[in-house]
file final_39.tsv (TSV, C-alpha atoms and all ligand atoms)
chain	number	residue	atom	x	y	z
A	1	MET	CA	29.53	45.57	-27.03
A	2	GLY	CA	33.06	46.42	-28.08
A	3	SER	CA	34.99	49.64	-28.03
A	4	ILE	CA	35.54	52.05	-30.93
A	5	ILE	CA	39.26	52.69	-31.27
A	6	VAL	CA	40.10	56.12	-32.68
A	7	THR	CA	43.64	56.58	-33.91
A	8	GLY	CA	45.76	58.92	-36.02
A	9	VAL	CA	49.10	60.72	-35.79
A	10	PRO	CA	49.66	63.27	-32.98
A	11	GLY	CA	47.98	66.59	-33.77
A	12	VAL	CA	45.62	65.28	-36.47
A	13	GLY	CA	42.61	66.21	-34.33
A	14	LYS	CA	41.38	63.00	-32.66
A	15	THR	CA	40.49	64.59	-29.33
A	16	THR	CA	38.90	67.61	-31.01
A	17	VAL	CA	36.72	65.47	-33.32
A	18	LEU	CA	35.74	63.11	-30.53
A	19	SER	CA	34.70	65.80	-28.09
A	20	LYS	CA	31.89	66.68	-30.54
A	21	ALA	CA	31.11	63.25	-31.98
A	22	ALA	CA	30.81	61.55	-28.59
A	23	ASP	CA	28.24	64.14	-27.47
A	24	GLN	CA	26.13	63.62	-30.58
A	25	LEU	CA	26.26	59.83	-30.27
A	26	GLY	CA	25.75	59.73	-26.51
A	27	LEU	CA	28.99	57.79	-26.00
A	28	ASP	CA	31.78	58.28	-23.50
A	29	THR	CA	35.40	58.77	-24.54
A	30	THR	CA	38.39	57.47	-22.66
A	31	VAL	CA	41.83	58.74	-23.60
A	32	TYR	CA	44.06	55.69	-23.61
A	33	GLY	CA	47.11	57.88	-22.93
A	34	THR	CA	45.41	59.23	-19.81
A	35	GLN	CA	44.78	55.71	-18.56
A	36	MET	CA	48.42	54.87	-19.32
A	37	LEU	CA	49.63	58.06	-17.65
A	38	ARG	CA	47.65	57.25	-14.51
A	39	VAL	CA	49.23	53.79	-14.38
A	40	ALA	CA	52.75	55.12	-15.13
A	41	ARG	CA	52.46	57.96	-12.61
A	42	GLU	CA	51.27	55.62	-9.89
A	43	ALA	CA	54.35	53.47	-10.59
A	44	GLY	CA	56.64	56.56	-10.50
A	45	HIS	CA	57.85	56.20	-14.13
A	46	VAL	CA	56.86	59.68	-15.44
A	47	GLU	CA	55.48	63.06	-14.45
A	48	ASP	CA	53.75	64.29	-17.65
A	49	ARG	CA	52.13	62.70	-20.72
A	50	ASP	CA	54.72	63.77	-23.29
A	51	GLU	CA	57.40	61.77	-21.44
A	52	MET	CA	55.39	58.60	-22.07
A	53	ARG	CA	56.76	57.81	-25.53
A	54	LYS	CA	60.32	58.01	-24.18
A	55	LEU	CA	59.76	55.11	-21.79
A	56	ASP	CA	61.70	51.97	-22.54
A	57	PRO	CA	59.64	49.42	-24.52
A	58	GLU	CA	59.30	46.91	-21.70
A	59	THR	CA	57.87	49.49	-19.31
A	60	GLN	CA	55.54	50.74	-22.07
A	61	ARG	CA	54.17	47.22	-22.56
A	62	ASP	CA	53.47	46.78	-18.90
A	63	VAL	CA	51.68	50.11	-18.70
A	64	GLN	CA	49.67	49.34	-21.89
A	65	ARG	CA	48.47	46.06	-20.43
A	66	GLN	CA	47.24	47.61	-17.21
A	67	ALA	CA	45.48	50.47	-19.03
A	68	ALA	CA	43.62	48.00	-21.30
A	69	GLU	CA	42.42	46.11	-18.26
A	70	ALA	CA	40.90	49.30	-16.86
A	71	ILE	CA	39.18	50.16	-20.17
A	72	SER	CA	37.74	46.66	-20.59
A	73	THR	CA	35.34	47.41	-17.73
A	74	MET	CA	33.84	50.50	-19.49
A	75	GLY	CA	31.60	48.93	-22.18
A	76	ARG	CA	31.07	50.66	-25.56
A	77	VAL	CA	33.35	53.71	-25.43
A	78	PHE	CA	35.51	55.69	-27.80
A	79	VAL	CA	39.16	54.91	-27.08
A	80	ASP	CA	41.24	57.93	-28.12
A	81	THR	CA	44.70	56.50	-28.81
A	82	HIS	CA	47.75	55.95	-31.05
A	83	CYS	CA	48.30	52.69	-32.92
A	84	LEU	CA	52.03	53.39	-33.53
A	85	ILE	CA	54.14	55.55	-31.22
A	86	GLN	CA	57.41	57.09	-32.43
A	87	THR	CA	60.23	56.10	-30.05
A	88	PRO	CA	64.03	56.41	-30.31
A	89	THR	CA	64.18	52.68	-31.17
A	90	GLY	CA	61.45	52.72	-33.82
A	91	PHE	CA	57.65	52.59	-33.98
A	92	LEU	CA	56.15	50.99	-30.89
A	93	PRO	CA	52.74	49.35	-31.39
A	94	GLY	CA	50.12	51.00	-29.19
A	95	LEU	CA	47.67	48.19	-29.91
A	96	PRO	CA	49.51	44.89	-29.56
A	97	ALA	CA	47.47	41.68	-29.26
A	98	TRP	CA	47.26	41.72	-25.48
A	99	VAL	CA	45.78	45.24	-25.56
A	100	LEU	CA	43.28	44.32	-28.32
A	101	GLU	CA	42.07	41.39	-26.24
A	102	GLY	CA	41.01	43.84	-23.57
A	103	LEU	CA	39.52	46.42	-25.94
A	104	GLU	CA	37.54	44.02	-28.23
A	105	PRO	CA	37.06	46.75	-30.88
A	106	GLU	CA	34.04	46.73	-33.21
A	107	THR	CA	35.59	49.49	-35.36
A	108	ILE	CA	38.98	51.15	-35.72
A	109	VAL	CA	38.69	54.75	-36.89
A	110	LEU	CA	41.66	56.38	-38.63
A	111	ILE	CA	41.58	60.18	-38.48
A	112	GLU	CA	43.74	61.58	-41.28
A	113	ALA	CA	44.68	64.98	-42.72
A	114	ASP	CA	47.17	66.58	-45.06
A	115	PRO	CA	50.69	66.21	-43.55
A	116	GLU	CA	51.45	69.93	-44.01
A	117	ALA	CA	48.29	70.85	-42.08
A	118	ILE	CA	49.20	68.44	-39.30
A	119	ALA	CA	52.69	69.96	-39.01
A	120	SER	CA	51.06	73.41	-38.62
A	121	ARG	CA	48.57	72.18	-36.03
A	122	ARG	CA	51.44	70.75	-33.97
A	123	ALA	CA	53.40	74.01	-34.20
A	124	GLU	CA	50.40	76.19	-33.29
A	125	ASP	CA	49.03	74.09	-30.40
A	126	GLU	CA	51.04	75.48	-27.48
A	127	SER	CA	49.16	73.38	-24.94
A	128	ARG	CA	51.25	70.35	-25.97
A	129	LYS	CA	54.91	69.42	-26.65
A	130	ARG	CA	54.54	67.33	-29.82
A	131	ASP	CA	57.47	66.30	-32.05
A	132	ALA	CA	58.07	68.86	-34.83
A	133	ASP	CA	58.28	66.31	-37.66
A	134	ALA	CA	58.67	67.23	-41.33
A	135	PRO	CA	55.59	66.57	-43.51
A	136	ASP	CA	57.32	63.56	-45.14
A	137	VAL	CA	57.82	61.94	-41.74
A	138	ILE	CA	54.16	62.58	-40.88
A	139	ARG	CA	53.13	61.10	-44.23
A	140	GLN	CA	55.12	57.94	-43.53
A	141	HIS	CA	53.60	57.69	-40.05
A	142	GLN	CA	50.09	57.96	-41.53
A	143	ASN	CA	50.90	55.22	-44.07
A	144	MET	CA	52.21	52.99	-41.29
A	145	ASN	CA	49.02	53.67	-39.30
A	146	ARG	CA	46.91	52.41	-42.22
A	147	ALA	CA	48.90	49.20	-42.33
A	148	THR	CA	48.51	48.85	-38.58
A	149	ALA	CA	44.74	49.40	-38.74
A	150	THR	CA	44.54	46.55	-41.24
A	151	SER	CA	46.40	44.29	-38.81
A	152	VAL	CA	44.02	45.28	-36.02
A	153	ALA	CA	41.05	44.48	-38.26
A	154	THR	CA	42.53	41.11	-39.24
A	155	LEU	CA	43.16	40.14	-35.62
A	156	THR	CA	39.83	41.32	-34.21
A	157	GLY	CA	37.27	41.46	-37.06
A	158	ALA	CA	36.84	45.21	-36.46
A	159	THR	CA	35.87	47.37	-39.42
A	160	ILE	CA	38.21	50.17	-40.55
A	161	LEU	CA	36.74	53.64	-40.96
A	162	VAL	CA	38.89	56.41	-42.48
A	163	ILE	CA	37.79	59.94	-41.56
A	164	GLU	CA	39.39	62.97	-43.20
A	165	ASN	CA	39.81	65.92	-40.81
A	166	GLN	CA	40.83	68.57	-43.31
A	167	GLN	CA	41.93	72.07	-42.38
A	168	GLY	CA	38.97	74.18	-41.22
A	169	LYS	CA	36.53	71.33	-41.87
A	170	LEU	CA	36.12	69.94	-38.39
A	171	ASP	CA	32.30	69.83	-38.57
A	172	GLU	CA	32.47	67.75	-41.74
A	173	ALA	CA	34.75	65.22	-40.05
A	174	VAL	CA	32.44	65.03	-37.03
A	175	ALA	CA	29.36	64.58	-39.24
A	176	ASN	CA	31.03	61.77	-41.23
A	177	LEU	CA	32.04	59.94	-38.06
A	178	VAL	CA	28.60	60.31	-36.47
A	179	GLU	CA	26.84	59.17	-39.65
A	180	ALA	CA	28.99	56.05	-39.88
A	181	LEU	CA	28.45	55.01	-36.27
A	182	GLU	CA	24.86	55.95	-35.42
B	1	LIG	P1	47.35	63.92	-29.82
B	1	LIG	O1	47.40	62.56	-30.43
B	1	LIG	O2	48.71	64.51	-29.70
B	1	LIG	O3	46.54	63.98	-28.56
B	1	LIG	P2	45.09	64.87	-31.36
B	1	LIG	O4	44.98	64.05	-32.60
B	1	LIG	O5	44.16	64.54	-30.26
B	1	LIG	O6	46.61	64.87	-30.89
B	1	LIG	P3	43.98	67.53	-31.15
B	1	LIG	O7	44.53	67.92	-29.85
B	1	LIG	O8	42.54	67.15	-31.21
B	1	LIG	O9	44.89	66.39	-31.81
B	1	LIG	O10	44.18	68.71	-32.22
B	1	LIG	C1	45.46	69.31	-32.43
B	1	LIG	C2	45.27	70.75	-32.86
B	1	LIG	O11	44.66	70.78	-34.15
B	1	LIG	C3	44.36	71.56	-31.93
B	1	LIG	O12	44.91	72.83	-31.76
B	1	LIG	C4	43.04	71.62	-32.70
B	1	LIG	O13	42.30	72.78	-32.39
B	1	LIG	C5	43.52	71.63	-34.14
B	1	LIG	N1	42.53	71.06	-35.11
B	1	LIG	C6	41.83	69.92	-34.98
B	1	LIG	N2	41.04	69.69	-36.06
B	1	LIG	C7	41.26	70.74	-36.90
B	1	LIG	C8	40.75	71.09	-38.20
B	1	LIG	N3	39.85	70.33	-38.86
B	1	LIG	N4	41.19	72.23	-38.75
B	1	LIG	C9	42.10	73.02	-38.11
B	1	LIG	N5	42.62	72.75	-36.90
B	1	LIG	C10	42.21	71.63	-36.29
B	2	MG	MG	44.54	64.00	-28.28

call {"tool": "encode", "arguments": {"input": "final_39.tsv", "output": "structure tokens", "more": "lines below"}}
Ligand code: ATP
Ligand code: MG
result
Amino acid sequence: MGSIIVTGVPGVGKTTVLSKAADQLGLDTTVYGTQMLRVAREAGHVEDRDEMRKLDPETQRDVQRQAAEAISTMGRVFVDTHCLIQTPTGFLPGLPAWVLEGLEPETIVLIEADPEAIASRRAEDESRKRDADAPDVIRQHQNMNRATATSVATLTGATILVIENQQGKLDEAVANLVEALE
């Protein structure tokens, strides 16, 4: 059985939605960034997770590869991740072919919301140091994520599931995800 990749721009609510949906479905969730952070920390590249996207692309690729290897041993799990990471040199693919080979996804879930709401969620969530992008930048990132999900589906045969996580409607997003996957 393959993994279920869950992606969406930073602050859209992936981890929040998954903490509820995984319980209801009896599935485990692994945060891909946490796997990457463990690998990067052990190699002495970073100290905290928000430094990860500043790593040079070659180091990122190496870390991605090792994290996918670890996840490939976990069976059918939610993989909480980003399919395109904003870096100073452009969007870096979080799910290049060598990562997808390890993950063997059956579905790629895109969590989406209104760009203005996402900007507010980033500003209000003091537990994290997310980029304070303008809504237009967030909109472009979401559009790029859709294109990327299509590439993932073409390469792997995974289905694409778009879940709206609108402001104050978390339970609706969870219910839609659970209904689609149970
Ligand atoms: P990252 O990719 O950076 O890990 P994420 O997509 O996992 O981000 P979360 O940490 O789940 O995002 O959520 C970001 C913030 O948005 C949190 O403060 C969370 O409580 C809030 N949030 C999530 N869903 C909703 C919603 N439907 N309505 C309002 N606020 C929400
Ligand atoms: Mg998260």

call {"tool": "residues_near_ligand", "arguments": {"input": "final_39.tsv", "ligand": "ligand LIG 1 (chain B)", "cutoff": "7 Å", "atoms": "all atoms listed in the file", "output": "list in words"}}
result
Gly8, Val9, Pro10, Gly11, Val12, Gly13, Lys14, Thr15, Thr16, Val17, Thr81, His82, Arg121, Arg122, Glu124, Asp125, Arg130, Asn165, Gln166, Gln167, Gly168, Lys169 and Leu170 of chain A

call {"tool": "closest_residue", "arguments": {"input": "final_39.tsv", "among": "A:Val79, A:Met52, A:Ala21, A:Val39", "to": "Asn176 of chain A", "atoms": "all atoms listed in the file"}}
result
A:Ala21

call {"tool": "closest_residue", "arguments": {"input": "final_39.tsv", "among": "A:Thr89, A:Gln66, A:Thr73, A:Thr148", "to": "Leu110 of chain A", "atoms": "all atoms listed in the file"}}
result
A:Thr148

call {"tool": "closest_residue", "arguments": {"input": "final_39.tsv", "among": "A:Thr87, A:Thr107, A:Thr150, A:Ser19", "to": "Lys54 of chain A", "atoms": "all atoms listed in the file"}}
result
A:Thr87

call {"tool": "atom_distance", "arguments": {"input": "final_39.tsv", "atom1": "atom CA of Thr30 of chain A", "atom2": "atom CA of Leu103 of chain A"}}
result
11.6 Å

call {"tool": "closest_residue", "arguments": {"input": "final_39.tsv", "among": "A:Ala68, A:Ile85, A:Ile111, A:Val46", "to": "Ile160 of chain A", "atoms": "all atoms listed in the file"}}
result
A:Ile111

call {"tool": "closest_residue", "arguments": {"input": "final_39.tsv", "among": "A:Asp114, A:Asp50, A:Glu106, A:Asp28", "to": "Ser127 of chain A", "atoms": "only C-alpha atoms"}}
result
A:Asp50

call {"tool": "closest_residue", "arguments": {"input": "final_39.tsv", "among": "A:Ala132, A:Val178, A:Ala173, A:Val6", "to": "Leu95 of chain A", "atoms": "all atoms listed in the file"}}
result
A:Val6

call {"tool": "atom_distance", "arguments": {"input": "final_39.tsv", "atom1": "atom CA of Leu18 of chain A", "atom2": "atom CA of Thr59 of chain A"}}
result
28.3 Å

call {"tool": "atom_distance", "arguments": {"input": "final_39.tsv", "atom1": "atom CA of Pro88 of chain A", "atom2": "atom CA of Gly102 of chain A"}}
result
27.1 Å

call {"tool": "residues_near_point", "arguments": {"input": "final_39.tsv", "point": "(48.3, 40.2, -27.8)", "cutoff": "12 Å", "atoms": "only C-alpha atoms", "output": "PyMOL selection string"}}
result
chain A and resi 61+64-65+68+93-104+151-152+155-156

call {"tool": "axis_aligned_box", "arguments": {"input": "final_39.tsv", "around": "segment 68-86 of chain A", "padding_each_side": "6 Å", "output": "lines of an AutoDock Vina configuration file"}}
result
center_x = 44.2
center_y = 52.0
center_z = -25.2
size_x = 38.3
size_y = 23.8
size_z = 28.7

call {"tool": "residues_around", "arguments": {"input": "final_39.tsv", "residues": "Gly75 of chain A", "least_positions_apart": "2", "cutoff": "9 Å", "atoms": "all atoms listed in the file", "output": "ChimeraX atom specification"}}
result
/A:1-3,71-73,77

call {"tool": "decode", "arguments": {"input": "final_39.tsv", "residues": "segment 79-93 of chain A", "atoms": "all heavy atoms", "output": "short mmCIF file (atom, residue, chain, number, x, y, z; two decimals), in the first residue's frame"}}
result
data_model
loop_
_atom_site.label_atom_id
_atom_site.label_comp_id
_atom_site.auth_asym_id
_atom_site.auth_seq_id
_atom_site.Cartn_x
_atom_site.Cartn_y
_atom_site.Cartn_z
N VAL A 79 1.72 11.57 4.55
CA VAL A 79 3.01 12.27 4.52
C VAL A 79 2.70 13.76 4.41
O VAL A 79 2.23 14.25 3.38
CB VAL A 79 3.88 11.80 3.33
CG1 VAL A 79 5.23 12.51 3.38
CG2 VAL A 79 4.08 10.29 3.37
N ASP A 80 2.91 14.47 5.50
CA ASP A 80 2.61 15.90 5.62
C ASP A 80 3.82 16.66 5.07
O ASP A 80 4.91 16.63 5.67
CB ASP A 80 2.39 16.17 7.12
CG ASP A 80 2.05 17.62 7.47
OD1 ASP A 80 2.24 18.52 6.62
OD2 ASP A 80 1.62 17.85 8.63
N THR A 81 3.65 17.34 3.92
CA THR A 81 4.84 17.86 3.24
C THR A 81 4.53 19.08 2.36
O THR A 81 3.43 19.60 2.34
CB THR A 81 5.50 16.73 2.41
OG1 THR A 81 6.77 17.17 1.96
CG2 THR A 81 4.64 16.32 1.23
N HIS A 82 5.56 19.53 1.65
CA HIS A 82 5.43 20.64 0.68
C HIS A 82 5.91 20.14 -0.67
O HIS A 82 6.97 19.52 -0.75
CB HIS A 82 6.28 21.84 1.11
CG HIS A 82 5.93 22.36 2.47
ND1 HIS A 82 6.68 22.10 3.59
CD2 HIS A 82 4.87 23.08 2.89
CE1 HIS A 82 6.10 22.65 4.64
NE2 HIS A 82 5.00 23.25 4.25
N CYS A 83 5.15 20.41 -1.73
CA CYS A 83 5.59 19.93 -3.05
C CYS A 83 6.48 20.96 -3.75
O CYS A 83 7.22 20.61 -4.66
CB CYS A 83 4.42 19.51 -3.92
SG CYS A 83 3.26 20.80 -4.33
N LEU A 84 6.43 22.23 -3.33
CA LEU A 84 7.32 23.27 -3.85
C LEU A 84 7.75 24.16 -2.70
O LEU A 84 6.89 24.73 -2.02
CB LEU A 84 6.62 24.15 -4.89
CG LEU A 84 6.36 23.60 -6.29
CD1 LEU A 84 5.66 24.68 -7.13
CD2 LEU A 84 7.64 23.16 -6.97
N ILE A 85 9.03 24.29 -2.47
CA ILE A 85 9.54 25.10 -1.37
C ILE A 85 10.13 26.40 -1.93
O ILE A 85 10.93 26.37 -2.87
CB ILE A 85 10.64 24.34 -0.60
CG1 ILE A 85 10.06 23.05 0.00
CG2 ILE A 85 11.25 25.19 0.51
CD1 ILE A 85 10.44 21.80 -0.72
N GLN A 86 9.73 27.54 -1.35
CA GLN A 86 10.29 28.82 -1.78
C GLN A 86 11.72 28.94 -1.28
O GLN A 86 11.95 28.82 -0.07
CB GLN A 86 9.46 29.98 -1.22
CG GLN A 86 8.22 30.25 -2.02
CD GLN A 86 7.36 31.33 -1.42
OE1 GLN A 86 7.18 31.39 -0.22
NE2 GLN A 86 6.81 32.17 -2.26
N THR A 87 12.67 29.14 -2.19
CA THR A 87 14.07 29.35 -1.81
C THR A 87 14.56 30.62 -2.51
O THR A 87 13.93 31.11 -3.45
CB THR A 87 14.98 28.18 -2.25
OG1 THR A 87 15.26 28.31 -3.64
CG2 THR A 87 14.36 26.83 -1.95
N PRO A 88 15.70 31.16 -2.08
CA PRO A 88 16.22 32.38 -2.72
C PRO A 88 16.49 32.18 -4.22
O PRO A 88 16.50 33.14 -4.97
CB PRO A 88 17.52 32.65 -1.96
CG PRO A 88 17.32 32.01 -0.62
CD PRO A 88 16.50 30.78 -0.88
N THR A 89 16.69 30.96 -4.65
CA THR A 89 16.98 30.71 -6.08
C THR A 89 15.77 30.14 -6.83
O THR A 89 15.93 29.59 -7.92
CB THR A 89 18.18 29.76 -6.23
OG1 THR A 89 17.99 28.63 -5.37
CG2 THR A 89 19.48 30.45 -5.86
N GLY A 90 14.58 30.27 -6.26
CA GLY A 90 13.38 29.81 -6.96
C GLY A 90 12.71 28.67 -6.22
O GLY A 90 13.16 28.24 -5.16
N PHE A 91 11.60 28.17 -6.79
CA PHE A 91 10.88 27.06 -6.17
C PHE A 91 11.70 25.78 -6.28
O PHE A 91 12.15 25.40 -7.37
CB PHE A 91 9.55 26.82 -6.88
CG PHE A 91 8.49 27.85 -6.58
CD1 PHE A 91 7.98 28.63 -7.60
CD2 PHE A 91 7.99 28.00 -5.30
CE1 PHE A 91 6.98 29.57 -7.34
CE2 PHE A 91 7.00 28.94 -5.02
CZ PHE A 91 6.51 29.72 -6.04
N LEU A 92 11.88 25.12 -5.15
CA LEU A 92 12.59 23.84 -5.12
C LEU A 92 11.54 22.73 -5.02
O LEU A 92 10.68 22.78 -4.15
CB LEU A 92 13.50 23.79 -3.90
CG LEU A 92 14.28 22.50 -3.70
CD1 LEU A 92 15.50 22.48 -4.61
CD2 LEU A 92 14.69 22.33 -2.25
N PRO A 93 11.60 21.72 -5.89
CA PRO A 93 10.61 20.64 -5.78
C PRO A 93 10.84 19.81 -4.51
O PRO A 93 11.94 19.32 -4.29
CB PRO A 93 10.81 19.82 -7.05
CG PRO A 93 12.19 20.14 -7.50
CD PRO A 93 12.50 21.53 -7.02
#
